[in-house]
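Dropping structure31.tsv in here (TSV, C-alpha atoms):
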```
chain	number	residue	atom	x	y	z
A	1	MET	CA	22.89	-24.78	-48.56
A	2	LYS	CA	21.37	-21.41	-47.67
A	3	LYS	CA	17.95	-22.55	-48.94
A	4	MET	CA	18.14	-25.69	-46.81
A	5	CYS	CA	18.87	-23.62	-43.69
A	6	ILE	CA	15.90	-21.36	-44.41
A	7	LEU	CA	13.59	-24.34	-44.93
A	8	PHE	CA	14.84	-25.93	-41.70
A	9	CYS	CA	14.16	-22.73	-39.73
A	10	LEU	CA	10.67	-22.42	-41.21
A	11	THR	CA	9.92	-26.01	-40.27
A	12	LEU	CA	10.98	-25.35	-36.68
A	13	LEU	CA	8.75	-22.26	-36.53
A	14	ILE	CA	5.74	-24.22	-37.77
A	15	LEU	CA	6.33	-27.04	-35.32
A	16	ASN	CA	6.83	-24.57	-32.50
A	17	ASP	CA	3.46	-22.96	-33.26
A	18	GLN	CA	1.91	-26.40	-32.87
A	19	ASN	CA	3.85	-26.97	-29.63
A	20	LEU	CA	5.44	-30.14	-31.00
A	21	ILE	CA	9.14	-29.49	-31.44
A	22	PRO	CA	10.73	-32.93	-32.00
A	23	GLY	CA	13.35	-33.97	-29.50
A	24	GLU	CA	12.09	-31.65	-26.76
A	25	PRO	CA	11.51	-33.98	-23.78
A	26	ASP	CA	9.41	-31.56	-21.72
A	27	LEU	CA	6.63	-30.96	-24.22
A	28	PRO	CA	3.57	-33.27	-24.44
A	29	ILE	CA	2.79	-35.25	-27.57
A	30	LEU	CA	-0.45	-34.57	-29.44
A	31	LEU	CA	-2.47	-37.79	-29.66
A	32	ILE	CA	-5.85	-36.64	-30.98
A	33	ASP	CA	-7.02	-33.43	-32.64
A	34	LYS	CA	-10.65	-33.84	-33.68
A	35	THR	CA	-12.77	-31.14	-35.31
A	36	VAL	CA	-16.56	-31.00	-34.88
A	37	ASP	CA	-19.10	-29.63	-37.34
A	38	GLN	CA	-21.10	-27.59	-34.78
A	39	HIS	CA	-19.71	-25.14	-32.27
A	40	ALA	CA	-19.42	-26.47	-28.75
A	41	ILE	CA	-20.15	-24.46	-25.61
A	42	GLY	CA	-18.29	-26.97	-23.45
A	43	TRP	CA	-17.03	-30.54	-23.03
A	44	LYS	CA	-17.00	-33.10	-20.19
A	45	TRP	CA	-14.38	-35.83	-19.91
A	46	ARG	CA	-13.81	-39.27	-18.44
A	47	ALA	CA	-11.42	-42.20	-18.89
A	48	THR	CA	-11.80	-45.66	-20.38
A	49	PRO	CA	-10.88	-48.74	-18.24
A	50	ASP	CA	-7.37	-48.64	-19.74
A	51	GLU	CA	-7.01	-45.00	-18.62
A	52	ASN	CA	-7.34	-43.32	-22.03
A	53	ILE	CA	-9.28	-40.08	-21.69
A	54	TYR	CA	-12.05	-38.98	-24.04
A	55	PRO	CA	-14.84	-36.35	-24.10
A	56	TYR	CA	-18.11	-38.12	-23.32
A	57	LEU	CA	-20.32	-35.03	-23.41
A	58	ARG	CA	-20.49	-32.04	-25.74
A	59	SER	CA	-22.79	-29.17	-24.86
A	60	GLN	CA	-24.26	-26.75	-27.36
A	61	VAL	CA	-26.56	-23.77	-26.80
A	62	ASN	CA	-29.66	-25.87	-26.12
A	63	GLN	CA	-28.51	-29.44	-26.70
A	64	LEU	CA	-26.38	-32.13	-25.08
A	65	LEU	CA	-24.59	-34.77	-27.12
A	66	PHE	CA	-23.33	-37.90	-25.35
A	67	LEU	CA	-20.33	-39.56	-27.00
A	68	ASN	CA	-18.57	-42.91	-26.88
A	69	PRO	CA	-14.74	-43.22	-26.71
A	70	ALA	CA	-14.59	-43.16	-30.51
A	71	GLY	CA	-16.27	-39.75	-30.56
A	72	GLU	CA	-19.55	-41.06	-31.99
A	73	ILE	CA	-22.87	-39.60	-30.78
A	74	ILE	CA	-24.80	-42.23	-28.81
A	75	HIS	CA	-27.51	-40.01	-27.30
A	76	GLN	CA	-28.71	-36.43	-27.53
A	77	THR	CA	-31.20	-34.34	-25.58
A	78	HIS	CA	-32.35	-30.77	-25.05
A	79	LEU	CA	-31.64	-28.46	-22.14
A	80	LEU	CA	-32.55	-24.93	-21.10
A	81	PRO	CA	-30.54	-22.66	-23.43
A	82	HIS	CA	-27.23	-21.49	-21.94
A	83	SER	CA	-27.90	-23.31	-18.66
A	84	LYS	CA	-25.16	-24.99	-16.64
A	85	ILE	CA	-24.32	-28.69	-16.89
A	86	ILE	CA	-23.47	-30.37	-13.58
A	87	THR	CA	-21.41	-33.55	-13.19
A	88	SER	CA	-20.16	-35.64	-10.30
A	89	GLN	CA	-16.40	-35.62	-9.92
A	90	ASN	CA	-16.14	-39.24	-11.08
A	91	GLN	CA	-18.15	-38.19	-14.17
A	92	ASN	CA	-20.61	-41.07	-13.74
A	93	TYR	CA	-23.57	-38.70	-13.28
A	94	VAL	CA	-24.74	-35.70	-15.28
A	95	GLY	CA	-27.34	-33.14	-14.26
A	96	PHE	CA	-29.03	-30.50	-16.42
A	97	ILE	CA	-32.24	-28.48	-16.44
A	98	ASP	CA	-35.05	-28.11	-18.94
A	99	VAL	CA	-38.58	-26.76	-19.05
A	100	ASP	CA	-41.25	-29.14	-17.72
A	101	GLU	CA	-43.72	-29.34	-20.59
A	102	HIS	CA	-46.29	-31.10	-18.40
A	103	TYR	CA	-46.23	-28.49	-15.65
A	104	LYS	CA	-49.60	-26.93	-14.92
A	105	ILE	CA	-49.49	-23.43	-13.45
A	106	PRO	CA	-51.60	-23.23	-10.26
A	107	GLU	CA	-54.50	-20.80	-10.37
A	108	ASP	CA	-53.03	-18.73	-7.53
A	109	GLN	CA	-49.50	-18.69	-8.92
A	110	LYS	CA	-49.62	-17.46	-12.50
A	111	ALA	CA	-46.07	-16.14	-12.28
A	112	ALA	CA	-44.53	-19.57	-11.68
A	113	ARG	CA	-42.82	-21.83	-14.18
A	114	GLY	CA	-42.14	-25.53	-14.06
A	115	MET	CA	-38.63	-26.91	-14.55
A	116	LEU	CA	-37.06	-30.34	-14.40
A	117	TYR	CA	-33.57	-31.29	-13.32
A	118	HIS	CA	-32.61	-34.44	-15.23
A	119	ILE	CA	-29.96	-36.71	-13.73
A	120	THR	CA	-28.48	-39.19	-16.20
A	121	GLY	CA	-25.59	-41.58	-16.50
A	122	TYR	CA	-22.58	-40.77	-18.66
A	123	THR	CA	-24.23	-42.44	-21.66
A	124	GLY	CA	-27.31	-40.21	-21.38
A	125	ASN	CA	-29.73	-42.71	-19.83
A	126	GLU	CA	-31.97	-40.88	-17.36
A	127	ILE	CA	-31.78	-42.18	-13.79
A	128	TYR	CA	-34.21	-39.78	-12.12
A	129	SER	CA	-35.55	-36.23	-12.40
A	130	ILE	CA	-36.32	-33.51	-9.86
A	131	PRO	CA	-39.35	-31.28	-10.59
A	132	ILE	CA	-39.07	-27.71	-9.31
A	133	GLU	CA	-41.48	-24.79	-9.34
A	134	VAL	CA	-39.76	-21.44	-9.81
A	135	PRO	CA	-41.44	-18.01	-9.56
A	136	TYR	CA	-40.32	-15.86	-12.49
A	137	ASP	CA	-38.54	-13.37	-10.23
A	138	ASP	CA	-36.61	-16.04	-8.29
A	139	PRO	CA	-33.28	-17.61	-9.25
A	140	ILE	CA	-33.30	-21.27	-10.26
A	141	PRO	CA	-32.07	-23.53	-7.41
A	142	ALA	CA	-28.56	-24.87	-7.96
A	143	LEU	CA	-27.84	-28.59	-8.34
A	144	TYR	CA	-24.77	-30.47	-7.03
A	145	LEU	CA	-24.05	-34.16	-7.65
A	146	ALA	CA	-22.21	-36.66	-5.45
A	147	ASN	CA	-20.22	-39.62	-6.74
A	148	ASN	CA	-22.91	-42.04	-5.53
A	149	GLY	CA	-25.67	-40.35	-7.55
A	150	ARG	CA	-27.24	-38.47	-4.66
A	151	SER	CA	-27.90	-34.80	-5.27
A	152	ILE	CA	-28.14	-31.55	-3.37
A	153	LEU	CA	-30.60	-28.86	-4.43
A	154	VAL	CA	-29.77	-25.41	-3.05
A	155	ASP	CA	-32.28	-22.58	-3.10
A	156	GLY	CA	-30.08	-19.52	-2.82
A	157	TYR	CA	-33.08	-17.22	-2.47
A	158	LYS	CA	-34.69	-18.86	0.56
A	159	GLY	CA	-31.61	-20.48	2.09
A	160	ILE	CA	-33.11	-23.96	1.74
A	161	VAL	CA	-31.01	-27.07	1.08
A	162	LYS	CA	-32.66	-30.29	-0.11
A	163	ILE	CA	-30.78	-33.59	0.03
A	164	MET	CA	-32.06	-36.07	-2.55
A	165	GLU	CA	-31.60	-39.84	-2.60
A	166	SER	CA	-30.06	-41.56	-5.62
A	167	ASP	CA	-33.57	-42.28	-6.90
A	168	GLY	CA	-34.66	-38.63	-6.66
A	169	ASN	CA	-36.70	-38.92	-3.46
A	170	LEU	CA	-36.30	-36.22	-0.83
A	171	CYS	CA	-34.15	-37.36	2.10
A	172	GLU	CA	-33.88	-34.17	4.14
A	173	GLN	CA	-34.67	-30.46	3.89
A	174	ILE	CA	-32.53	-27.94	5.77
A	175	ASP	CA	-33.36	-24.30	6.50
A	176	LEU	CA	-29.97	-22.65	6.89
A	177	PHE	CA	-31.34	-19.59	8.67
A	178	GLU	CA	-34.44	-20.54	10.64
A	179	ASP	CA	-34.47	-17.17	12.43
A	180	ASP	CA	-34.50	-15.22	9.18
A	181	ILE	CA	-38.02	-13.85	8.76
A	182	LEU	CA	-37.61	-12.22	5.34
A	183	ASP	CA	-36.35	-14.17	2.35
A	184	TYR	CA	-33.39	-12.03	1.36
A	185	GLU	CA	-31.22	-13.25	-1.47
A	186	LYS	CA	-28.41	-15.40	-0.05
A	187	PRO	CA	-25.44	-16.10	-2.30
A	188	VAL	CA	-24.68	-19.79	-1.86
A	189	SER	CA	-21.79	-22.03	-2.88
A	190	CYS	CA	-21.60	-25.76	-2.23
A	191	ALA	CA	-18.81	-28.34	-2.38
A	192	ILE	CA	-19.05	-32.12	-1.91
A	193	ALA	CA	-16.35	-34.31	-0.37
A	194	ASN	CA	-16.15	-37.02	-3.00
A	195	GLU	CA	-14.73	-39.71	-0.72
A	196	GLY	CA	-16.86	-38.81	2.29
A	197	GLU	CA	-20.57	-38.50	2.95
A	198	ILE	CA	-20.37	-34.79	3.75
A	199	PHE	CA	-20.70	-31.45	1.98
A	200	ALA	CA	-19.89	-27.80	2.75
A	201	ILE	CA	-22.25	-24.87	2.20
A	202	LEU	CA	-21.29	-21.20	2.11
A	203	ALA	CA	-24.30	-18.93	2.67
A	204	GLN	CA	-25.25	-15.45	3.84
A	205	LYS	CA	-28.28	-14.25	5.75
A	206	ARG	CA	-28.55	-11.31	3.39
A	207	PRO	CA	-26.50	-9.52	0.73
A	208	MET	CA	-23.88	-7.13	1.99
A	209	SER	CA	-25.39	-3.63	1.62
A	210	PHE	CA	-24.60	0.04	2.15
A	211	ASP	CA	-26.55	2.11	4.66
A	212	SER	CA	-26.65	5.67	3.30
A	213	THR	CA	-27.92	7.07	6.61
A	214	SER	CA	-24.88	5.90	8.56
A	215	SER	CA	-22.46	5.79	5.59
A	216	LYS	CA	-21.47	2.27	6.62
A	217	PHE	CA	-21.57	-1.14	4.99
A	218	ILE	CA	-23.87	-3.73	6.56
A	219	SER	CA	-22.48	-7.24	6.73
A	220	GLY	CA	-24.19	-10.02	4.84
A	221	GLU	CA	-23.46	-12.28	7.83
A	222	PRO	CA	-21.72	-15.10	5.94
A	223	TYR	CA	-21.59	-18.58	7.50
A	224	LEU	CA	-19.77	-21.77	6.64
A	225	PHE	CA	-21.86	-24.91	7.18
A	226	CYS	CA	-21.03	-28.58	6.87
A	227	PHE	CA	-23.58	-31.45	6.84
A	228	ASP	CA	-23.61	-35.15	6.22
A	229	PHE	CA	-26.00	-36.61	3.66
A	230	ASN	CA	-28.55	-37.43	6.37
A	231	GLY	CA	-28.84	-33.74	7.19
A	232	LYS	CA	-26.80	-33.85	10.41
A	233	GLN	CA	-24.99	-30.59	11.00
A	234	ILE	CA	-21.23	-30.96	11.46
A	235	LEU	CA	-20.13	-27.34	11.31
A	236	ASN	CA	-21.78	-23.92	11.69
A	237	LYS	CA	-19.11	-21.24	11.64
A	238	PRO	CA	-19.71	-17.48	11.27
A	239	LEU	CA	-17.10	-15.83	9.06
A	240	GLU	CA	-15.14	-12.76	10.00
A	241	LEU	CA	-15.44	-10.51	6.95
A	242	MET	CA	-18.59	-8.90	5.54
A	243	THR	CA	-19.22	-11.17	2.59
A	244	ALA	CA	-17.98	-14.43	1.09
A	245	ALA	CA	-17.58	-15.85	-2.39
A	246	GLU	CA	-16.51	-19.49	-2.78
A	247	VAL	CA	-16.01	-22.72	-0.87
A	248	ALA	CA	-14.06	-25.91	-1.66
A	249	ILE	CA	-13.55	-29.13	0.29
A	250	SER	CA	-10.88	-31.83	0.11
A	251	GLN	CA	-11.87	-35.22	-1.31
A	252	PRO	CA	-11.90	-37.05	2.05
A	253	GLY	CA	-13.57	-34.01	3.61
A	254	ASP	CA	-11.04	-33.16	6.32
A	255	PHE	CA	-10.28	-29.63	5.10
A	256	ILE	CA	-12.41	-26.75	3.82
A	257	VAL	CA	-11.26	-23.48	2.26
A	258	VAL	CA	-13.50	-20.43	1.99
A	259	SER	CA	-12.90	-16.99	0.45
A	260	GLN	CA	-14.19	-13.78	2.03
A	261	TYR	CA	-13.74	-10.05	1.55
A	262	THR	CA	-14.90	-6.51	2.39
A	263	PRO	CA	-15.68	-3.45	0.21
A	264	GLU	CA	-12.40	-1.92	1.43
A	265	LYS	CA	-10.63	-4.65	-0.57
A	266	GLU	CA	-9.66	-6.67	2.46
A	267	GLN	CA	-9.64	-10.26	1.24
A	268	LYS	CA	-8.47	-13.65	2.38
A	269	SER	CA	-8.91	-17.37	1.92
A	270	THR	CA	-9.25	-19.35	5.14
A	271	VAL	CA	-8.52	-23.06	5.54
A	272	VAL	CA	-10.38	-24.78	8.38
A	273	ASN	CA	-10.87	-28.34	9.61
A	274	LEU	CA	-14.20	-30.00	10.41
A	275	ALA	CA	-14.01	-28.68	13.97
A	276	GLY	CA	-14.01	-25.15	12.56
A	277	GLU	CA	-10.43	-24.50	13.66
A	278	ILE	CA	-8.53	-22.07	11.43
A	279	LEU	CA	-5.39	-23.76	10.10
A	280	LEU	CA	-4.07	-20.85	8.07
A	281	GLU	CA	-5.13	-17.75	6.15
A	282	VAL	CA	-3.91	-16.77	2.71
A	283	PRO	CA	-4.11	-13.12	1.56
A	284	THR	CA	-6.05	-13.67	-1.64
A	285	LEU	CA	-9.61	-14.07	-2.88
A	286	PHE	CA	-9.43	-17.34	-4.80
A	287	ARG	CA	-11.34	-17.97	-8.01
A	288	HIS	CA	-10.20	-21.60	-8.30
A	289	ALA	CA	-9.28	-24.06	-5.54
A	290	LYS	CA	-8.01	-27.61	-5.98
A	291	PHE	CA	-6.95	-29.97	-3.19
A	292	ALA	CA	-4.44	-32.69	-3.98
A	293	SER	CA	-6.02	-36.14	-3.66
A	294	ASP	CA	-3.91	-37.00	-0.59
A	295	GLN	CA	-4.85	-33.70	1.14
A	296	SER	CA	-1.18	-32.76	1.47
A	297	ARG	CA	-1.40	-29.72	-0.79
A	298	LEU	CA	-3.87	-27.09	-1.90
A	299	ALA	CA	-3.63	-24.80	-4.92
A	300	LEU	CA	-5.52	-21.51	-4.97
A	301	ALA	CA	-5.64	-19.20	-7.97
A	302	ASN	CA	-6.79	-15.63	-8.38
A	303	ARG	CA	-6.80	-13.94	-11.77
A	304	LYS	CA	-3.03	-13.61	-12.07
A	305	SER	CA	-1.25	-15.99	-9.71
A	306	VAL	CA	-1.29	-19.37	-7.99
A	307	TYR	CA	-0.79	-19.99	-4.27
A	308	PHE	CA	0.73	-23.35	-3.31
A	309	ILE	CA	-0.23	-24.39	0.24
A	310	ASP	CA	1.44	-27.20	2.17
A	311	LEU	CA	-1.30	-28.42	4.51
A	312	ASN	CA	1.19	-30.34	6.66
A	313	SER	CA	3.57	-27.49	7.40
A	314	LYS	CA	0.82	-24.85	7.02
A	315	LYS	CA	3.03	-22.73	4.81
A	316	PHE	CA	2.32	-21.21	1.41
A	317	SER	CA	4.06	-19.55	-1.53
A	318	ASN	CA	2.78	-17.33	-4.31
A	319	THR	CA	3.69	-17.74	-7.97
A	320	ILE	CA	2.77	-14.83	-10.25
A	321	LEU	CA	2.00	-16.23	-13.69
A	322	ILE	CA	0.54	-13.22	-15.51
A	323	ASP	CA	1.59	-9.58	-15.49
A	324	GLU	CA	-0.90	-7.35	-13.69
A	325	ASN	CA	-1.15	-5.05	-16.73
A	326	LYS	CA	-2.25	-7.86	-19.03
A	327	TYR	CA	-5.90	-8.80	-19.38
A	328	ARG	CA	-5.04	-12.49	-19.54
A	329	MET	CA	-6.17	-14.60	-16.55
A	330	VAL	CA	-6.02	-18.01	-14.90
A	331	VAL	CA	-9.09	-20.01	-15.96
A	332	ASP	CA	-8.69	-23.43	-14.31
A	333	LEU	CA	-6.35	-25.69	-12.32
A	334	LEU	CA	-5.66	-29.42	-12.37
A	335	TRP	CA	-3.33	-31.51	-10.23
A	336	THR	CA	-1.53	-34.26	-12.12
A	337	GLN	CA	-2.37	-37.83	-11.12
A	338	ALA	CA	0.47	-38.02	-8.60
A	339	SER	CA	-0.56	-34.62	-7.15
A	340	ASP	CA	3.00	-33.35	-7.31
A	341	GLU	CA	2.66	-31.05	-10.33
A	342	LEU	CA	-0.02	-28.59	-11.38
A	343	LEU	CA	-1.51	-27.82	-14.79
A	344	VAL	CA	-2.79	-24.25	-15.16
A	345	LEU	CA	-5.16	-23.18	-17.94
A	346	THR	CA	-4.93	-19.50	-18.93
A	347	ALA	CA	-6.74	-17.40	-21.54
A	348	THR	CA	-7.80	-13.88	-22.44
A	349	PRO	CA	-11.51	-13.08	-21.93
A	350	VAL	CA	-13.15	-10.93	-24.60
A	351	PHE	CA	-16.71	-9.91	-25.40
A	352	GLN	CA	-17.47	-10.92	-28.96
A	353	ASN	CA	-20.25	-12.67	-30.89
A	354	SER	CA	-22.71	-11.22	-28.30
A	355	ARG	CA	-21.10	-13.17	-25.46
A	356	PHE	CA	-17.92	-13.54	-23.42
A	357	GLU	CA	-15.38	-15.90	-24.94
A	358	TYR	CA	-11.84	-16.95	-24.06
A	359	ILE	CA	-9.21	-16.54	-26.77
A	360	GLU	CA	-5.60	-17.67	-27.10
A	361	PRO	CA	-5.80	-20.32	-24.35
A	362	GLY	CA	-2.58	-21.73	-22.95
A	363	VAL	CA	-1.37	-24.39	-20.53
A	364	ILE	CA	1.44	-24.05	-18.01
A	365	LYS	CA	2.85	-26.94	-16.02
A	366	LEU	CA	4.35	-26.11	-12.61
A	367	ASN	CA	6.45	-28.48	-10.49
A	368	GLN	CA	6.61	-28.78	-6.69
A	369	ASN	CA	8.96	-25.79	-6.53
A	370	SER	CA	6.48	-23.65	-8.50
A	371	ASP	CA	8.87	-23.60	-11.48
A	372	SER	CA	7.49	-23.82	-15.01
A	373	VAL	CA	8.17	-27.22	-16.59
A	374	TRP	CA	6.69	-26.26	-19.94
A	375	GLU	CA	4.23	-23.78	-21.43
A	376	PHE	CA	2.46	-23.38	-24.73
A	377	LYS	CA	-0.49	-21.49	-26.23
A	378	PHE	CA	-3.17	-22.25	-28.80
A	379	LYS	CA	-3.27	-18.99	-30.72
A	380	GLN	CA	-6.05	-19.99	-33.11
A	381	GLU	CA	-8.39	-21.63	-30.57
A	382	LYS	CA	-11.11	-20.24	-28.31
A	383	PHE	CA	-13.72	-21.56	-25.90
A	384	VAL	CA	-16.84	-20.39	-24.06
A	385	THR	CA	-16.67	-22.71	-21.05
A	386	PRO	CA	-13.34	-24.06	-19.75
A	387	SER	CA	-12.89	-27.74	-20.57
A	388	PHE	CA	-9.78	-29.23	-19.00
A	389	TYR	CA	-9.12	-32.79	-17.78
A	390	THR	CA	-6.20	-35.00	-16.80
A	391	ARG	CA	-5.71	-38.67	-16.01
A	392	GLN	CA	-2.45	-40.57	-15.58
A	393	ASN	CA	-0.06	-39.05	-18.14
A	394	GLN	CA	-2.74	-37.63	-20.46
A	395	PHE	CA	-4.65	-34.38	-20.51
A	396	GLY	CA	-7.37	-33.02	-22.77
A	397	LEU	CA	-8.69	-29.61	-23.75
A	398	GLY	CA	-11.99	-28.78	-25.39
A	399	PHE	CA	-12.41	-25.78	-27.68
A	400	GLU	CA	-15.28	-24.30	-29.65
A	401	SER	CA	-14.64	-26.27	-32.84
A	402	ASN	CA	-12.43	-29.17	-31.72
A	403	TYR	CA	-10.79	-31.03	-28.86
A	404	LYS	CA	-7.20	-32.10	-28.32
A	405	ILE	CA	-5.69	-34.91	-26.24
A	406	TYR	CA	-2.02	-34.93	-25.23
A	407	ARG	CA	0.30	-37.43	-23.57
A	408	GLU	CA	3.24	-36.52	-21.38
A	409	GLN	CA	6.49	-37.89	-22.76
A	410	ARG	CA	7.98	-38.40	-19.31
A	411	GLU	CA	6.47	-41.21	-17.26
```

What does this structure look like when you write it as structure tokens?
Amino acid sequence: MKKMCILFCLTLLILNDQNLIPGEPDLPILLIDKTVDQHAIGWKWRATPDENIYPYLRSQVNQLLFLNPAGEIIHQTHLLPHSKIITSQNQNYVGFIDVDEHYKIPEDQKAARGMLYHITGYTGNEIYSIPIEVPYDDPIPALYLANNGRSILVDGYKGIVKIMESDGNLCEQIDLFEDDILDYEKPVSCAIANEGEIFAILAQKRPMSFDSTSSKFISGEPYLFCFDFNGKQILNKPLELMTAAEVAISQPGDFIVVSQYTPEKEQKSTVVNLAGEILLEVPTLFRHAKFASDQSRLALANRKSVYFIDLNSKKFSNTILIDENKYRMVVDLLWTQASDELLVLTATPVFQNSRFEYIEPGVIKLNQNSDSVWEFKFKQEKFVTPSFYTRQNQFGLGFESNYKIYREQRE
């Protein structure tokens, strides 16, 4: 009898480590756990017509692998090593950069290099490409993709925004700071309203700097812009603090949130409407921002906590998830399909294998009252780029050597 009790306890411990204790109604059920033979840098996800999620794209150091719902490779291509992969929110379009092998360096511009942004479908078929010429000392322009295949190319060095048609042709070019004579570096963030034909741009005339002669900080003069896809300016709003970091926009495009701060550690996230009116301010510098699909709620996360914002009542609450003394941090956020509960991805960042990696990832589910519904960790897993996706009652996570798909038990 004693041996049976010991065996039963050991079984429970093993199941608990796998987050699959039988009979526990709050924990998700593991549907798929698939190992891959080559280490993945990241994964991109989408859903089949019957709402089953699957990873359709696996990125490696210098290669992209496009997958079908069965996990089979249907197309593969090269990309600039360690470069970022861009996708539209509906995951129908993929953008990535590679060296243009046919680029000929002009005689008067020996320091330039030719690059190509490739825009493909989710099966890897190329739809169009955008050639760019980048001086070696300049940053590579950033690409953003809309759900209709149109793209935005943002030159953060010159403050130039190019709006491209869905066939790659230039529609409009915008100079954000026409009165700026010198091309100072301008940190830029962009966010596209996926249900509307508008996008928000966060830009600065110059970097925030310190004047040693006056012992004062000089503002970077941050501005929040909003344009439609024909280049018409909807909003041009100077921001109050010295510098800014991130911008996010709701899916219909009615609300925008921007983070800003000062060297004296004054920080806030400001929610505005398209008229530029401030709806509320939250005392945090967000790293992740996710609007609910119906625009009723907004979740903001810094390294340790999540702020829940009710956009109707204009009230917010703060839920501390991680102790300040722990190095663990919030890595990503996802609203569930009904937008009434939030999935939070956490992990511990470490520098190992000559790069930063995230170890011991975990998922926490929070309800409308900010209470934890369930939580579990993957002690043996790690990832380089967060890979987190949800649809209906399923969610998936991508790790370095495998991916997992779960289903919620409660409908």

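Minimum atom-to-atom distance to Trp43 (chain A), evaluated using only C-alpha atoms, belongs to A:Thr385 out of A:Thr385, A:Asn318, A:Ser293, A:Thr336.
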
Can you pull out every residue within 10 Å of Gly71 (chain A), counting all atoms listed in the file, but drop anything in the same chain fewer than 2 positions away, and send it as a PDB file with C-alpha atoms, in the frame of the given file?
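Saved the output as part00.pdb:
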```
ATOM      1  CA  LYS A  34     -10.650 -33.840 -33.680  1.00  0.00           C
ATOM      2  CA  VAL A  36     -16.560 -31.000 -34.880  1.00  0.00           C
ATOM      3  CA  TYR A  54     -12.050 -38.980 -24.040  1.00  0.00           C
ATOM      4  CA  PRO A  55     -14.840 -36.350 -24.100  1.00  0.00           C
ATOM      5  CA  TYR A  56     -18.110 -38.120 -23.320  1.00  0.00           C
ATOM      6  CA  LEU A  57     -20.320 -35.030 -23.410  1.00  0.00           C
ATOM      7  CA  PHE A  66     -23.330 -37.900 -25.350  1.00  0.00           C
ATOM      8  CA  LEU A  67     -20.330 -39.560 -27.000  1.00  0.00           C
ATOM      9  CA  ASN A  68     -18.570 -42.910 -26.880  1.00  0.00           C
ATOM     10  CA  PRO A  69     -14.740 -43.220 -26.710  1.00  0.00           C
ATOM     11  CA  ILE A  73     -22.870 -39.600 -30.780  1.00  0.00           C
ATOM     12  CA  ILE A  74     -24.800 -42.230 -28.810  1.00  0.00           C
TER      13      ILE A  74
END
```

(request) Do a neighbour search on Phe316 (chain A) at 10 Å with all atoms listed in the file, toss out local chain neighbours closer than 2 positions, and write the hits as a ChimeraX atom specification. (result) /A:280-282,297-299,307-311,313-314,318

(message) Nearest residue to Gln60 (chain A) out of A:His102, A:His75, A:His39, A:Arg355, using only C-alpha atoms?
(response)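 Among the listed residues, A:His39 lies closest to Gln60 (chain A).
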
(message) Would you compute the distance between CA of Ile405 (chain A) and CA of Gln251 (chain A)? Give it in Å to one decimal.
(response)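 The value is 25.7 Å.
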
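Here the question is which of A:Pro131, A:Gly168, A:Gly276, A:Pro207 gets nearest to Leu235 (chain A) using all atoms listed in the file, and that residue is A:Gly276.
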
Reconstructed N, CA and C atoms for region 332-343 of chain A, given as an mmCIF file, in the coordinates of the input:
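Writing done, so here's rebuild_35.cif:
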```cif
data_model
loop_
_atom_site.group_PDB
_atom_site.id
_atom_site.type_symbol
_atom_site.label_atom_id
_atom_site.label_comp_id
_atom_site.auth_asym_id
_atom_site.auth_seq_id
_atom_site.Cartn_x
_atom_site.Cartn_y
_atom_site.Cartn_z
ATOM 1 N N ASP A 332 -8.427 -22.164 -15.011
ATOM 2 C CA ASP A 332 -8.690 -23.430 -14.310
ATOM 3 C C ASP A 332 -7.375 -24.028 -13.835
ATOM 4 N N LEU A 333 -7.504 -24.985 -12.892
ATOM 5 C CA LEU A 333 -6.350 -25.690 -12.320
ATOM 6 C C LEU A 333 -6.620 -27.189 -12.321
ATOM 7 N N LEU A 334 -5.558 -27.972 -12.489
ATOM 8 C CA LEU A 334 -5.660 -29.420 -12.370
ATOM 9 C C LEU A 334 -4.375 -29.968 -11.768
ATOM 10 N N TRP A 335 -4.489 -30.766 -10.707
ATOM 11 C CA TRP A 335 -3.330 -31.510 -10.230
ATOM 12 C C TRP A 335 -3.092 -32.698 -11.159
ATOM 13 N N THR A 336 -1.826 -33.041 -11.376
ATOM 14 C CA THR A 336 -1.530 -34.260 -12.120
ATOM 15 C C THR A 336 -1.892 -35.452 -11.244
ATOM 16 N N GLN A 337 -1.898 -36.642 -11.826
ATOM 17 C CA GLN A 337 -2.370 -37.830 -11.120
ATOM 18 C C GLN A 337 -1.624 -38.068 -9.814
ATOM 19 N N ALA A 338 -0.326 -37.802 -9.804
ATOM 20 C CA ALA A 338 0.470 -38.020 -8.600
ATOM 21 C C ALA A 338 0.375 -36.856 -7.620
ATOM 22 N N SER A 339 -0.361 -35.799 -7.999
ATOM 23 C CA SER A 339 -0.560 -34.620 -7.150
ATOM 24 C C SER A 339 0.727 -33.917 -6.786
ATOM 25 N N ASP A 340 1.758 -34.039 -7.611
ATOM 26 C CA ASP A 340 3.000 -33.350 -7.310
ATOM 27 C C ASP A 340 3.291 -32.232 -8.297
ATOM 28 N N GLU A 341 2.507 -32.129 -9.362
ATOM 29 C CA GLU A 341 2.660 -31.050 -10.330
ATOM 30 C C GLU A 341 1.274 -30.515 -10.685
ATOM 31 N N LEU A 342 1.243 -29.276 -11.136
ATOM 32 C CA LEU A 342 -0.020 -28.590 -11.380
ATOM 33 C C LEU A 342 -0.102 -28.115 -12.815
ATOM 34 N N LEU A 343 -1.241 -28.362 -13.465
ATOM 35 C CA LEU A 343 -1.510 -27.820 -14.790
ATOM 36 C C LEU A 343 -2.418 -26.607 -14.625
#
```
